[in-house]
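Q: My structure is in structure02.txt, and what it holds is compact mmCIF, C-alpha atoms and all ligand atoms:
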```txt
# COMPACT_ATOMS: atom_id res chain seq x y z
CA MET O 1 173.19 94.15 84.33
CA LYS O 2 172.82 95.82 80.97
CA ILE O 3 169.42 96.50 79.37
CA ALA O 4 168.95 97.69 75.80
CA HIS O 5 165.66 99.57 75.47
CA ILE O 6 164.18 99.87 71.95
CA SER O 7 160.86 101.53 71.25
CA ASP O 8 158.50 102.56 68.47
CA ILE O 9 159.86 100.55 65.56
CA HIS O 10 156.70 101.23 63.50
CA TYR O 11 157.62 98.42 61.08
CA SER O 12 155.69 99.10 57.88
CA LYS O 13 155.88 99.91 54.19
CA SER O 14 155.61 103.60 55.05
CA TRP O 15 158.42 105.92 54.00
CA MET O 16 158.69 106.80 57.69
CA PHE O 17 160.01 103.33 58.54
CA LEU O 18 163.73 103.30 57.76
CA ARG O 19 164.68 99.65 57.29
CA ASP O 20 168.44 100.28 57.11
CA LEU O 21 168.40 102.15 60.41
CA PHE O 22 166.43 99.33 62.00
CA GLN O 23 169.00 96.75 60.86
CA ARG O 24 171.79 98.98 62.15
CA CYS O 25 170.01 99.38 65.47
CA LEU O 26 169.76 95.59 65.89
CA ALA O 27 173.43 95.18 65.01
CA MET O 28 174.44 97.91 67.49
CA VAL O 29 172.32 96.33 70.22
CA ASN O 30 174.01 92.97 69.61
CA GLU O 31 177.45 94.62 69.77
CA GLU O 32 176.60 95.96 73.24
CA LYS O 33 175.89 92.40 74.46
CA PRO O 34 172.98 93.35 76.75
CA ASP O 35 171.57 90.82 79.22
CA VAL O 36 168.12 91.59 77.95
CA VAL O 37 166.32 93.81 75.42
CA VAL O 38 163.10 95.59 76.37
CA ILE O 39 160.83 96.72 73.53
CA THR O 40 158.09 99.15 74.54
CA GLY O 41 155.53 98.89 71.80
CA ASP O 42 154.47 100.43 68.51
CA VAL O 43 156.40 97.65 66.82
CA THR O 44 154.00 98.00 63.85
CA ASP O 45 152.40 101.04 62.27
CA PHE O 46 148.87 99.76 61.63
CA GLY O 47 148.68 96.48 63.55
CA LEU O 48 148.65 94.52 60.26
CA VAL O 49 149.63 90.86 59.93
CA ALA O 50 152.36 91.59 57.36
CA GLU O 51 153.89 94.15 59.74
CA PHE O 52 153.84 91.74 62.68
CA GLU O 53 155.37 89.04 60.49
CA GLY O 54 158.13 91.35 59.30
CA VAL O 55 159.09 92.75 62.69
CA HIS O 56 158.89 89.36 64.39
CA ARG O 57 161.26 87.89 61.82
CA ALA O 58 163.66 90.84 62.09
CA LEU O 59 163.79 90.62 65.89
CA GLU O 60 165.04 87.04 65.59
CA GLU O 61 168.41 88.66 64.86
CA LEU O 62 168.68 89.81 68.47
CA ALA O 63 171.23 87.71 70.31
CA ALA O 64 169.80 88.51 73.76
CA PRO O 65 166.34 87.50 74.99
CA TYR O 66 163.75 90.24 74.62
CA PHE O 67 160.59 91.29 76.44
CA ILE O 68 157.95 93.16 74.49
CA VAL O 69 154.63 94.92 75.16
CA PRO O 70 152.17 96.43 72.64
CA GLY O 71 151.65 100.10 71.85
CA ASN O 72 148.64 102.00 70.57
CA HIS O 73 149.64 101.38 66.93
CA ASP O 74 149.81 97.62 67.59
CA ALA O 75 146.22 97.69 68.87
CA ARG O 76 144.83 99.10 65.62
CA HIS O 77 142.59 96.90 63.44
CA GLU O 78 142.41 94.19 66.11
CA GLY O 79 146.19 94.18 66.12
CA TYR O 80 146.17 93.26 69.82
CA LYS O 81 145.02 89.77 68.79
CA LYS O 82 147.79 89.57 66.20
CA PHE O 83 150.27 90.77 68.81
CA GLU O 84 149.36 87.79 70.98
CA GLN O 85 149.72 85.43 68.03
CA PHE O 86 153.25 86.60 67.29
CA PHE O 87 154.62 87.63 70.68
CA GLY O 88 152.46 85.92 73.32
CA ASP O 89 151.13 87.64 76.45
CA ARG O 90 150.41 91.38 76.31
CA PHE O 91 151.24 91.73 80.02
CA PHE O 92 153.38 89.44 82.16
CA ALA O 93 155.95 89.17 84.96
CA ARG O 94 159.12 87.18 84.24
CA HIS O 95 162.19 86.57 86.39
CA HIS O 96 165.48 87.19 84.65
CA ALA O 97 169.01 87.94 85.85
CA GLY O 98 167.88 88.55 89.42
CA TYR O 99 165.08 90.97 88.54
CA THR O 100 161.37 90.70 87.81
CA PHE O 101 160.54 92.18 84.42
CA VAL O 102 156.96 93.38 84.55
CA GLY O 103 155.37 94.24 81.21
CA ILE O 104 152.12 96.21 81.17
CA ASP O 105 149.69 96.53 78.25
CA SER O 106 148.65 100.19 78.18
CA SER O 107 146.99 100.00 74.75
CA GLU O 108 143.28 100.03 73.90
CA PRO O 109 141.97 98.96 70.47
CA ASP O 110 141.81 101.90 68.04
CA ILE O 111 142.48 104.49 70.76
CA ASP O 112 145.73 106.41 71.09
CA GLU O 113 145.40 107.23 74.78
CA GLY O 114 147.06 104.95 77.31
CA HIS O 115 145.13 103.04 79.94
CA VAL O 116 146.18 100.43 82.51
CA GLY O 117 142.80 99.78 84.12
CA ARG O 118 141.71 98.56 87.53
CA GLU O 119 142.07 94.83 86.87
CA GLN O 120 145.60 95.09 85.48
CA LEU O 121 146.52 97.52 88.26
CA ARG O 122 145.46 94.97 90.87
CA TRP O 123 147.52 92.30 89.08
CA LEU O 124 150.45 94.72 88.82
CA GLU O 125 150.64 95.37 92.55
CA ASP O 126 151.41 91.69 93.23
CA HIS O 127 154.57 91.90 91.13
CA LEU O 128 156.11 95.18 92.31
CA SER O 129 159.21 95.35 94.48
CA PRO O 130 162.64 97.05 94.60
CA ARG O 131 163.76 94.22 92.23
CA ALA O 132 161.05 94.91 89.64
CA ILE O 133 161.72 96.63 86.32
CA VAL O 134 158.43 97.81 84.87
CA PHE O 135 157.78 98.72 81.24
CA LEU O 136 154.83 99.88 79.19
CA HIS O 137 154.27 101.80 75.96
CA HIS O 138 152.74 105.06 77.17
CA HIS O 139 154.77 107.58 79.14
CA LEU O 140 153.71 108.21 82.74
CA VAL O 141 154.86 111.80 82.93
CA PRO O 142 154.94 114.48 80.20
CA ILE O 143 158.13 114.61 78.14
CA PRO O 144 159.70 117.98 77.31
CA ASN O 145 159.72 119.36 73.76
CA THR O 146 157.10 116.98 72.36
CA GLY O 147 154.35 119.45 71.63
CA ARG O 148 150.97 119.52 73.28
CA GLU O 149 150.50 116.73 75.81
CA ARG O 150 147.62 114.42 74.89
CA ASN O 151 148.45 110.80 75.61
CA VAL O 152 149.74 110.43 79.17
CA LEU O 153 148.03 107.38 80.68
CA VAL O 154 144.54 108.31 81.83
CA ASP O 155 145.29 106.55 85.14
CA ALA O 156 148.95 107.63 85.39
CA GLY O 157 148.54 109.03 88.92
CA GLY O 158 147.46 105.73 90.42
CA VAL O 159 150.15 103.78 88.54
CA LEU O 160 152.91 106.19 89.59
CA LYS O 161 151.83 106.15 93.23
CA MET O 162 151.92 102.34 93.22
CA LEU O 163 155.33 102.14 91.53
CA VAL O 164 156.90 104.62 93.93
CA ALA O 165 155.24 103.06 97.01
CA HIS O 166 156.79 99.67 96.17
CA GLY O 167 160.25 101.15 95.54
CA VAL O 168 160.39 100.13 91.87
CA PRO O 169 163.78 101.42 90.69
CA LEU O 170 163.14 101.69 86.96
CA VAL O 171 160.22 102.26 84.60
CA LEU O 172 160.69 102.17 80.81
CA SER O 173 158.32 103.49 78.18
CA GLY O 174 158.11 104.97 74.69
CA HIS O 175 155.31 106.50 72.60
CA LYS O 176 156.70 110.04 72.37
CA HIS O 177 159.74 109.06 70.30
CA VAL O 178 161.91 111.31 72.46
CA PRO O 179 164.45 110.00 75.00
CA TRP O 180 164.19 111.44 78.49
CA VAL O 181 164.40 110.48 82.16
CA TRP O 182 162.61 111.78 85.24
CA ASN O 183 163.70 110.82 88.72
CA LEU O 184 160.57 110.65 90.88
CA ASN O 185 160.95 109.84 94.57
CA GLY O 186 163.70 107.33 93.78
CA THR O 187 162.03 105.77 90.75
CA ALA O 188 163.77 106.47 87.44
CA VAL O 189 161.09 106.96 84.78
CA SER O 190 162.76 106.72 81.39
CA THR O 191 161.46 107.01 77.85
CA ALA O 192 163.21 105.96 74.64
CA GLY O 193 163.40 107.56 71.21
CA THR O 194 162.75 105.50 68.11
CA ALA O 195 165.50 103.68 66.23
CA PRO O 196 164.05 103.50 62.71
CA CYS O 197 161.01 105.80 62.52
CA GLU O 198 161.06 109.25 60.94
CA ARG O 199 157.91 110.32 62.76
CA THR O 200 159.10 113.30 64.86
CA GLY O 201 162.44 112.97 63.14
CA ALA O 202 165.30 113.91 65.32
CA PHE O 203 165.60 111.14 67.88
CA GLN O 204 166.70 108.03 66.03
CA SER O 205 168.20 106.24 69.00
CA PHE O 206 167.84 103.49 71.54
CA ASN O 207 168.68 103.50 75.26
CA LEU O 208 171.29 101.50 77.13
CA ILE O 209 170.84 101.14 80.88
CA GLU O 210 173.46 99.65 83.17
CA ILE O 211 172.52 98.68 86.72
CA GLU O 212 175.26 98.17 89.30
CA GLY O 213 174.83 96.40 92.60
FE FE O 301 155.10 105.43 68.28
FE FE O 302 152.50 105.18 70.52
```
Could I get this file's structure written as structure tokens?
A:
Amino acid sequence: MKIAHISDIHYSKSWMFLRDLFQRCLAMVNEEKPDVVVITGDVTDFGLVAEFEGVHRALEELAAPYFIVPGNHDARHEGYKKFEQFFGDRFFARHHAGYTFVGIDSSEPDIDEGHVGREQLRWLEDHLSPRAIVFLHHHLVPIPNTGRERNVLVDAGGVLKMLVAHGVPLVLSGHKHVPWVWNLNGTAVSTAGTAPCERTGAFQSFNLIEIEG
């Protein structure tokens, strides 16, 4: 199984959103023929309707089905309601290609910090297994070379313990705009860079993950 992981599109009129790079990213993803695309939030910059409209339309170019969760930027200005209008549920579990794709909403309106919360955590536990691939916007573990750490999930410890206890093989996230992977007790915890955003600059990329067996 091949997963393309895109994060932090930050679709906007800002000079930091590089439209050409975004189009190239979508074309490159399609060339790779992934089974599924996972998009881990910050699809907009300010949670505005025009941004949601633009990114939603652009993502129609993806040939593969995609799963998407919101980031902190998508929850600005009541963007979380707009997110639901354009993309549906903010957290969900869907079966696809022999795996359960579990999307978590770690955003809070107008707050940059990540938060899963007790209710969602209880829901999450029912969907975890060695066949679950979990994804959320905020990183669970600090990422090297990203400056002072401020936005790790406030309840990261409890989430990590649960993921590892259930043998979840793969966790995908974004937010830091820097690609990295930690291997924690058998769970690969991976973050993606950003394809089209100049914020933090150097990591214009997306991740490809291939799972064998
Ligand atoms: Fe971001
Ligand atoms: Fe973010």
Q: Kindly provide, as a list of chain:residue names, all nucleotide and amino acid residues lying within 10 Å of ligand FE 301 (chain O), counting only C-alpha atoms and all ligand atoms.
A: O:Ser7, O:Asp8, O:Ile9, O:His10, O:Thr40, O:Gly41, O:Asp42, O:Val43, O:Thr44, O:Asp45, O:Gly71, O:Asn72, O:His73, O:Asp74, O:Asp112, O:His137, O:His138, O:Gly174, O:His175, O:Lys176, O:His177, O:Val178, O:Gly193, O:Thr194, O:Cys197, O:Arg199, O:Thr200
Q: In Å, rounded to a single decimal, give me how far CA of Gln23 (chain O) is from CA of Ile133 (chain O).
A: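 Interatomic distance, CA of Ile133 (chain O) to CA of Gln23 (chain O): 26.5 Å.
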Q: At what distance in Å, to one decimal, does CA of Pro179 (chain O) lie from CA of Ile111 (chain O)?
A: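 Straight-line distance from CA of Ile111 (chain O) to CA of Pro179 (chain O) works out to 23.0 Å.
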Q: If we count only C-alpha atoms and set the cut-off at 10 Å, which residues sit around Gly167 (chain O), ignoring sequence neighbours fewer than 5 positions away in its own chain? Please answer as an MDAnalysis selection string.
A: chainID O and resid 128:132 162 185:187
Q: Of the candidates O:Pro70, O:Gly158, O:Gly54, O:Pro142, which one gets nearest to Trp182 (chain O) if we count only C-alpha atoms?
A: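 Selected residue with least distance to Trp182 (chain O): O:Pro142.
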Q: Just how far from CA of His166 (chain O) is CA of Tyr99 (chain O), in Å to one decimal?
A: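 CA of His166 (chain O) lies at a distance of 14.2 Å from CA of Tyr99 (chain O).
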Q: Here is a test: counting only C-alpha atoms and all ligand atoms, which residue of O:Leu136, O:Val141, O:Ile211, O:Ala165 is nearest to ligand FE 302 (chain O)?
A: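 For ligand FE 302 (chain O), the nearest of the candidates is O:Leu136.
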